[in-house]
There are 2 protein chains.
Amino acid sequence: MREDFAKIDGHIGQHLDGWLAELAALCRVPSVSARHEGVGECAHLVADFLASRGFEAEVLPSDGHPIVLAHAVGKNAGRTMLLYNHYDVQPPEPLELWTTPPFQPDVRDGKIFARGAKDDKGELMARLAAVDALLAVDGCLPCNLTWLVEGEEEVGSPNLPAFVERYAERLRCDGAIWEEGGTDAEGRPQITLGARGMLYVELGVRSLSRDGHSGNANLIPNAAWRLVWALASLKGPDERVRIPGFYDGVSPASERQRELLGALPSQEEAIKESFGLDQLLLGRTGADVAAAPFDPTCNIAGMSAGYQGEGSKTVIPAVASAKLDFRLLPGQDPFEVAEELRRHLDSEGFPDVGIKILGGERAGVVDPDDPLVGLVVETAEEVYGKPAQLVPMSGGTTPKYLFTERGVPVVAPGVGFGASNLAHSPNENMRIVDFQNAARHVARLLARFAEA
Amino acid sequence: MREDFAKIDGHIGQHLDGWLAELAALCRVPSVSARHEGVGECAHLVADFLASRGFEAEVLPSDGHPIVLAHAVGKNAGRTMLLYNHYDVQPPEPLELWTTPPFQPDVRDGKIFARGAKDDKGELMARLAAVDALLAVDGCLPCNLTWLVEGEEEVGSPNLPAFVERYAERLRCDGAIWEEGGTDAEGRPQITLGARGMLYVELGVRSLSRDGHSGNANLIPNAAWRLVWALASLKGPDERVRIPGFYDGVSPASERQRELLGALPSQEEAIKESFGLDQLLLGRTGADVAAAPFDPTCNIAGMSAGYQGEGSKTVIPAVASAKLDFRLLPGQDPFEVAEELRRHLDSEGFPDVGIKILGGERAGVVDPDDPLVGLVVETAEEVYGKPAQLVPMSGGTTPKYLFTERGVPVVAPGVGFGASNLAHSPNENMRIVDFQNAARHVARLLARFAEA
């Protein structure tokens with residue numbers, strides 16, 4: 001087993017500027033999947049980056065945005081690692097809260113700031129850095145690599161399932177490196193195993209053929225009120241989702257998962273500080289904080305009706321809408337939840353509230369005792385110099401279920417600390433030291449995986 | 001008593017194009033008071049129009065937008081009529097629903113289309129047409145006129161009370177002609193007597209120092225949910241406002257008012273058609289429709305939180321806000337209602353929901369048996385050829401209480417049918433025939449008032 005990674009580490013430390021320049025080029029493409037912006041351009045740039053490393057890279061069509069699929073043969077051609085990333089990003093709004101513009105990458109204070117700097121262009125680039133280092137030091141890759149880079153992760157990967165089905169043969173692998181993961185606030189490596197599923201819907205109401213003068217508020221229905229009452233029927237301040245059947249099939253954490261949760265250091269103070277809070281939601285503390293991802297959620301991501309400008313306008317809104325995401329657990333199917341939501345709204349007296357499904361994904365879980373997990377833990381400790389933590393369920397969603405459901409172990413040797421890099425928020429950034437560590441981690445992981 | 005208005009009517013019929021050109025010039029100034037746009041320019045244009053008719057016109061400062069005050073002496077200098085109008089308009093949004101741009105007046109199908117074409121620039125212009133006709137035919141005005149044109153009616157006239165107090169001497173009058181009024185859908189003149197008061201507030205919540213990733217939805221509070229629950233505590237689908245004390249002091253319609261309500265033709269079908277409804281709110285029909293303004297309201301005029309763009313974004317909104325207008329009746333004080341709202345939110349567990357007061361006006365009522373009301377009814381029947389209806393309480397709000405509370409009878413010989421002219425909505429317009437009738441009505445009213 002290879003023990004000496006000094007040359008790899010040295011190469012990575014000495015070539016950071018080049019990768020940051022490539023990352024900046026990626027981040028300059030405003031590949032906002034929700035708005036179908038810049039997706040073709042970004043897919044081709046990713047394919048070019050892969051081809052320049054010797055990959056056979058293709059930009060393949062899907063029923064949505066193009067997907068990059070690339071292959072490279074390694075020294076041990078009997079072992080194949082799949083790498084999953086996405087080139088799309090979240091919308092950058094609210095723009096006024098960015099210190100520098102979201103699509104004009106800026107390096108300052110040891111960080112690179114841009115939408116996508118971490119999620120997920122930074123992570124993709126850190127893995128390319130690992131590949132470059134292995135090629136430079138060893139002259140070849142240690143094993144076969146298959147790279148899957150989609151452009152719809154931030155909108156729920158609606159077209160990835162069909163793509164994975166279609167290209168199943170080319171996507172066959174012995175393990176997969178997924179997005180996300182990284183360290184906690186204190187720099188301890190965190191290996192996330194499970195990912196929650198998601199149902200993303202837009203609720204919409206039209207109560208009138210046109211906006212009305214609010215002098216008529218006793219006489220004609222207000223779309224905003226209809227929406228407010230429908231939303232309030234979904235969840236109250238106790239945070240318990242009131243849709244009948246919603247919790248059916250959700251299992252509590254297993255004994256092994258509870259054991260892992262118990263071993264995790266508390267993130268309570270870090271989260272409170274990051275969001276300026278005196279206490280967490282429902283006063284959660286201690287073990288309840290780590291266990292939170294084992295509860296599914298119902299979140300209002302956006303809400304819109306009537307006049308939203310400065311000052312006052314006395315209008316009865318004819319239309320109102322809200323965006324909702326439900327984070328789901330193993331046992332919950334997003335499309336069944338959508339049906340339960342429809343039945344609930346109907347039975348509560350809101351047949352006028354329409355549901356548009358914008359995305360649905362199942363949860364994915366990885367066995368904490370899989371050998372690949374052991375390899376990630378071991379290599380993480382070498383890089384970060386601190387014991388790794390296994391996070392049995394992440395708060396977020398990513399379509400790893402497409403591989404875990406086929407028996408592939410999926411691990412996520414990610415970049416840095418989630419809350420501090422402001423993914424999905426203004427001023428998203430990645431610390432350069434986190435980028436370096438992630439690259440070193442992935443290089444070790446690939447080398448050891450090839451030997452296993 | 002003057003019986004022959006043929007020359008007046010003829011003059012008005014022959015000079016419409018000139019007034020429409022002046023009206024178009026007024027409507028080209030985007031005097032949106034909510035956004036403080038174009039208000040100085042519009043005030044000076046109004047003052048110029050008045051000065052060109054021989055008024056001593058001044059643009060006076062207030063603590064908000066400037067107010068135009070003008071005086072002219074008439075033949076009977078012992079009688080003074082005050083005319084109230086406003087030069088400000090509602091915001092034009094949603095812009096995409098306008099057939100022609102809101103501030104580029106367009107004449108088609110016998111109508112002039114523009115924001116303010118009716119409310120209230122069209123009404124102001126119809127009165128100037130009446131003045132022009134009287135001056136042209138008689139060579140003088142029949143009585144003294146005092147014209148008060150404010151620029152903040154659409155935002156609740158916050159600075160008019162202090163202005164009326166300060167210039168009480170110059171505003172002394174024997175009667176007042178207010179904005180609004182006109183005809184019903186069948187062209188029957190409607191004389192509105194009462195105007196509801198209003199409290200306009202913006203509710204705002206900040207739950208986080210910045211937007212969060214919705215993977216944390218179990219751990220950190222969502223401003224949109226806080227707002228939804230706070231709003232749902234104010235009113236349910238039964239439309240009954242749940243704020244303790246809200247209905248205190250509200251009297252049901254008096255016997256005389258009920259008698260007037262009973263005589264009104266039904267507006268039910270016209271309102272349903274105008275808004276594309278199968279039935280009115282709460283299934284109101286018959287006498288309940290006319291009586292609706294005797295109930296105060298709580299209306300959501302706008303609502304905003306989180307991501308409102310295309311597609312999906314998985315974010316926990318840090319801030320959320322809603323604009324609310326409450327239409328109030330005699331006996332309700334807007335600032336007391338604001339205090340009741342604060343106490344209600346606190347007691348319901350929403351001390352985190354802030355209240356910003358954007359406007360407060362009391363209701364104003366006019367005695368249906370005042371001689372000036374009789375004069376308006378009589379002259380309306382002459383112009384419209386149909387019996388006039390007395391509407392004891394209008395759905396809308398206008399600060400006539402500043403004069404009714406001082407014992408001045410206030411009448412509103414307005415322009416056309418409210419719902420069809422789309423005031424406050426996209427494609428606001430005024431029928432030219434309605435303009436002509438309103439001018440003829442006001443000319444008669446002034447002439448007869450001078451003789452009374």
# chains A, B, ... in the order shown; residues from 1 in each chain; ligands from 1

$ closest_atom_pairs --of "chain B" --to "chain A" --cutoff "7 Å" --atoms "only C-alpha atoms" --output "Markdown table"
| residue | atom | partner | partner_atom | distance |
| --- | --- | --- | --- | --- |
| B:Ala34 | CA | A:Gly311 | CA | 4.5 |
| B:Arg35 | CA | A:Glu310 | CA | 5.9 |
| B:Gln90 | CA | A:Lys313 | CA | 6.3 |
| B:Pro91 | CA | A:Lys313 | CA | 6.9 |
| B:Val155 | CA | A:Ser312 | CA | 5.6 |
| B:Leu208 | CA | A:Phe275 | CA | 5.3 |
| B:Ser209 | CA | A:Phe275 | CA | 5.0 |
| B:Arg210 | CA | A:Phe275 | CA | 6.3 |
| B:Asp211 | CA | A:Ser425 | CA | 6.1 |
| B:Gly212 | CA | A:Ser425 | CA | 6.7 |
| B:His213 | CA | A:His424 | CA | 6.0 |
| B:Ser214 | CA | A:Asn299 | CA | 6.9 |
| B:Gly215 | CA | A:Gly395 | CA | 4.3 |
| B:Asn216 | CA | A:Gly395 | CA | 6.0 |
| B:Ala217 | CA | A:Asn299 | CA | 6.4 |
| B:Asn218 | CA | A:Ala292 | CA | 6.0 |
| B:Leu219 | CA | A:Leu281 | CA | 5.0 |
| B:Ile220 | CA | A:Leu281 | CA | 4.9 |
| B:Pro221 | CA | A:Leu281 | CA | 5.5 |
| B:Ala224 | CA | A:Ile300 | CA | 6.3 |
| B:Trp225 | CA | A:Ile300 | CA | 6.7 |
| B:Val228 | CA | A:Val228 | CA | 5.6 |
| B:Trp229 | CA | A:Ala232 | CA | 6.0 |
| B:Ala232 | CA | A:Trp229 | CA | 6.0 |
| B:Phe275 | CA | A:Ser209 | CA | 5.1 |
| B:Gly276 | CA | A:Ser209 | CA | 5.3 |
| B:Leu277 | CA | A:Leu208 | CA | 6.9 |
| B:Leu280 | CA | A:Ile220 | CA | 5.5 |
| B:Leu281 | CA | A:Ile220 | CA | 4.9 |
| B:Ala292 | CA | A:Asn218 | CA | 6.0 |
| B:Thr297 | CA | A:Ala217 | CA | 6.5 |
| B:Asn299 | CA | A:Ala217 | CA | 6.4 |
| B:Ile300 | CA | A:Ala224 | CA | 6.3 |
| B:Ala301 | CA | A:Val315 | CA | 5.0 |
| B:Gly302 | CA | A:Gly306 | CA | 4.1 |
| B:Met303 | CA | A:Ala305 | CA | 5.0 |
| B:Ser304 | CA | A:Ser304 | CA | 4.8 |
| B:Ala305 | CA | A:Met303 | CA | 5.0 |
| B:Gly306 | CA | A:Gly302 | CA | 4.0 |
| B:Tyr307 | CA | A:Gly302 | CA | 4.4 |
| B:Gln308 | CA | A:Gly302 | CA | 5.6 |
| B:Glu310 | CA | A:Arg35 | CA | 5.9 |
| B:Gly311 | CA | A:Ala34 | CA | 4.5 |
| B:Ser312 | CA | A:Val155 | CA | 5.6 |
| B:Lys313 | CA | A:Gln90 | CA | 6.3 |
| B:Thr314 | CA | A:Ala301 | CA | 5.9 |
| B:Val315 | CA | A:Ala301 | CA | 5.0 |
| B:Ile316 | CA | A:Ala301 | CA | 5.5 |
| B:Pro317 | CA | A:Ala301 | CA | 6.3 |
| B:Asp325 | CA | A:Thr314 | CA | 6.7 |
| B:Leu358 | CA | A:Ser312 | CA | 6.8 |
| B:Gly395 | CA | A:Gly215 | CA | 4.3 |
| B:Gly396 | CA | A:Gly215 | CA | 4.4 |
| B:His424 | CA | A:His213 | CA | 6.0 |
| B:Ser425 | CA | A:Asp211 | CA | 6.2 |

$ select_by_dssp --residues "region 204-405 of chain B" --states "alpha helix (DSSP H)" --output "VMD selection string"
chain B and resid 223 to 232 255 to 263 268 to 275 287 to 291 334 to 347 371 to 384 401 to 404

$ select_by_dssp --residues "region 67-229 of chain A" --states "strand (DSSP E or B)" --output "PyMOL selection string"
chain A and resi 67-72+76-86+89+106-108+111-113+143-150+175-177+182-183+189-206+212-213

$ write_last_selection --atoms "C-alpha atoms" --output "PDB file, in the first residue's frame"
ATOM      1  CA  ILE A  67     -24.694  16.111 -19.289  1.00  0.00           C
ATOM      2  CA  VAL A  68     -20.932  15.621 -19.504  1.00  0.00           C
ATOM      3  CA  LEU A  69     -19.770  11.999 -19.505  1.00  0.00           C
ATOM      4  CA  ALA A  70     -16.041  11.240 -19.580  1.00  0.00           C
ATOM      5  CA  HIS A  71     -13.842   8.167 -19.244  1.00  0.00           C
ATOM      6  CA  ALA A  72     -10.138   7.598 -18.661  1.00  0.00           C
ATOM      7  CA  ASN A  76      -5.493  -0.923 -12.582  1.00  0.00           C
ATOM      8  CA  ALA A  77      -8.092  -1.235 -15.308  1.00  0.00           C
ATOM      9  CA  GLY A  78     -10.029  -3.692 -13.143  1.00  0.00           C
ATOM     10  CA  ARG A  79     -11.192  -0.944 -10.792  1.00  0.00           C
ATOM     11  CA  THR A  80     -13.425   1.966 -11.813  1.00  0.00           C
ATOM     12  CA  MET A  81     -14.260   4.979  -9.701  1.00  0.00           C
ATOM     13  CA  LEU A  82     -17.150   7.208 -10.757  1.00  0.00           C
ATOM     14  CA  LEU A  83     -16.930  10.904  -9.940  1.00  0.00           C
ATOM     15  CA  TYR A  84     -20.170  12.902  -9.786  1.00  0.00           C
ATOM     16  CA  ASN A  85     -20.296  16.690  -9.949  1.00  0.00           C
ATOM     17  CA  HIS A  86     -22.638  19.329 -11.353  1.00  0.00           C
ATOM     18  CA  VAL A  89     -25.483  26.734  -9.768  1.00  0.00           C
ATOM     19  CA  ASP A 106     -12.699  37.538  -6.729  1.00  0.00           C
ATOM     20  CA  VAL A 107      -9.814  36.176  -4.634  1.00  0.00           C
ATOM     21  CA  ARG A 108      -9.387  37.875  -1.246  1.00  0.00           C
ATOM     22  CA  LYS A 111     -10.764  32.681  -0.411  1.00  0.00           C
ATOM     23  CA  ILE A 112     -12.285  32.728  -3.871  1.00  0.00           C
ATOM     24  CA  PHE A 113     -15.736  34.363  -3.992  1.00  0.00           C
ATOM     25  CA  CYS A 143      -7.555   3.223 -11.807  1.00  0.00           C
ATOM     26  CA  ASN A 144     -10.252   3.850 -14.391  1.00  0.00           C
ATOM     27  CA  LEU A 145     -12.235   7.033 -13.873  1.00  0.00           C
ATOM     28  CA  THR A 146     -15.743   7.780 -15.130  1.00  0.00           C
ATOM     29  CA  TRP A 147     -16.846  11.375 -14.677  1.00  0.00           C
ATOM     30  CA  LEU A 148     -20.509  12.346 -14.669  1.00  0.00           C
ATOM     31  CA  VAL A 149     -21.160  16.106 -14.584  1.00  0.00           C
ATOM     32  CA  GLU A 150     -24.796  17.134 -14.785  1.00  0.00           C
ATOM     33  CA  GLY A 175     -17.431   3.028  -6.083  1.00  0.00           C
ATOM     34  CA  ALA A 176     -18.476   6.611  -6.510  1.00  0.00           C
ATOM     35  CA  ILE A 177     -17.189   9.919  -5.251  1.00  0.00           C
ATOM     36  CA  GLY A 182     -15.810  18.252   3.803  1.00  0.00           C
ATOM     37  CA  THR A 183     -15.056  19.382   7.321  1.00  0.00           C
ATOM     38  CA  PRO A 189     -13.251  15.825   8.321  1.00  0.00           C
ATOM     39  CA  GLN A 190     -16.903  14.916   7.975  1.00  0.00           C
ATOM     40  CA  ILE A 191     -17.906  11.996   5.794  1.00  0.00           C
ATOM     41  CA  THR A 192     -21.592  12.258   4.919  1.00  0.00           C
ATOM     42  CA  LEU A 193     -23.281   8.971   4.154  1.00  0.00           C
ATOM     43  CA  GLY A 194     -26.978   9.574   3.603  1.00  0.00           C
ATOM     44  CA  ALA A 195     -28.636  12.282   1.506  1.00  0.00           C
ATOM     45  CA  ARG A 196     -32.255  13.281   1.978  1.00  0.00           C
ATOM     46  CA  GLY A 197     -34.665  13.154  -0.937  1.00  0.00           C
ATOM     47  CA  MET A 198     -36.727  16.096  -2.088  1.00  0.00           C
ATOM     48  CA  LEU A 199     -40.034  17.192  -3.485  1.00  0.00           C
ATOM     49  CA  TYR A 200     -39.976  20.730  -4.889  1.00  0.00           C
ATOM     50  CA  VAL A 201     -43.320  22.277  -5.806  1.00  0.00           C
ATOM     51  CA  GLU A 202     -44.767  25.630  -6.676  1.00  0.00           C
ATOM     52  CA  LEU A 203     -48.198  26.362  -5.238  1.00  0.00           C
ATOM     53  CA  GLY A 204     -50.243  28.826  -7.269  1.00  0.00           C
ATOM     54  CA  VAL A 205     -53.643  30.496  -6.839  1.00  0.00           C
ATOM     55  CA  ARG A 206     -55.633  32.691  -9.185  1.00  0.00           C
ATOM     56  CA  GLY A 212     -58.854  44.473  -7.871  1.00  0.00           C
ATOM     57  CA  HIS A 213     -59.159  47.726  -5.907  1.00  0.00           C
TER      58      HIS A 213
END

$ residues_around --residues "region 165-169 of chain A" --least-positions-apart "4" --cutoff "9 Å" --atoms "only C-alpha atoms" --output "mmCIF file with C-alpha atoms, in the first residue's frame"
data_model
loop_
_atom_site.group_PDB
_atom_site.id
_atom_site.type_symbol
_atom_site.label_atom_id
_atom_site.label_comp_id
_atom_site.auth_asym_id
_atom_site.auth_seq_id
_atom_site.Cartn_x
_atom_site.Cartn_y
_atom_site.Cartn_z
ATOM 1 C CA LEU A 160 -30.595 12.320 -14.411
ATOM 2 C CA PRO A 161 -32.552 9.143 -13.602
ATOM 3 C CA LEU A 402 -29.311 6.562 -8.372
#

$ residues_around --residues "region 120-131 of chain B" --least-positions-apart "3" --cutoff "9 Å" --atoms "only C-alpha atoms" --output "JSON, numbers by chain"
{"B": [8, 12, 15, 16, 19, 20, 22, 23, 26, 27, 49, 50, 53, 83, 84, 85, 86, 87, 88, 89, 115, 116, 117, 134, 135, 136, 141, 149, 179, 180, 414, 415, 423, 429, 430, 435, 436, 437, 438, 439, 440, 441, 442, 443, 444, 446]}

$ closest_residue --among "B:Ser266, B:Pro244, B:Val337, B:Ala133" --to "Phe5 (chain B)" --atoms "only C-alpha atoms"
B:Ala133

$ residues_around --residues "Ala380 (chain B)" --least-positions-apart "4" --cutoff "8 Å" --atoms "only C-alpha atoms" --output "list in words"
Pro189, Val376, Tyr384, Gly385, Pro387, Ala388, Pro413 and His441 of chain B
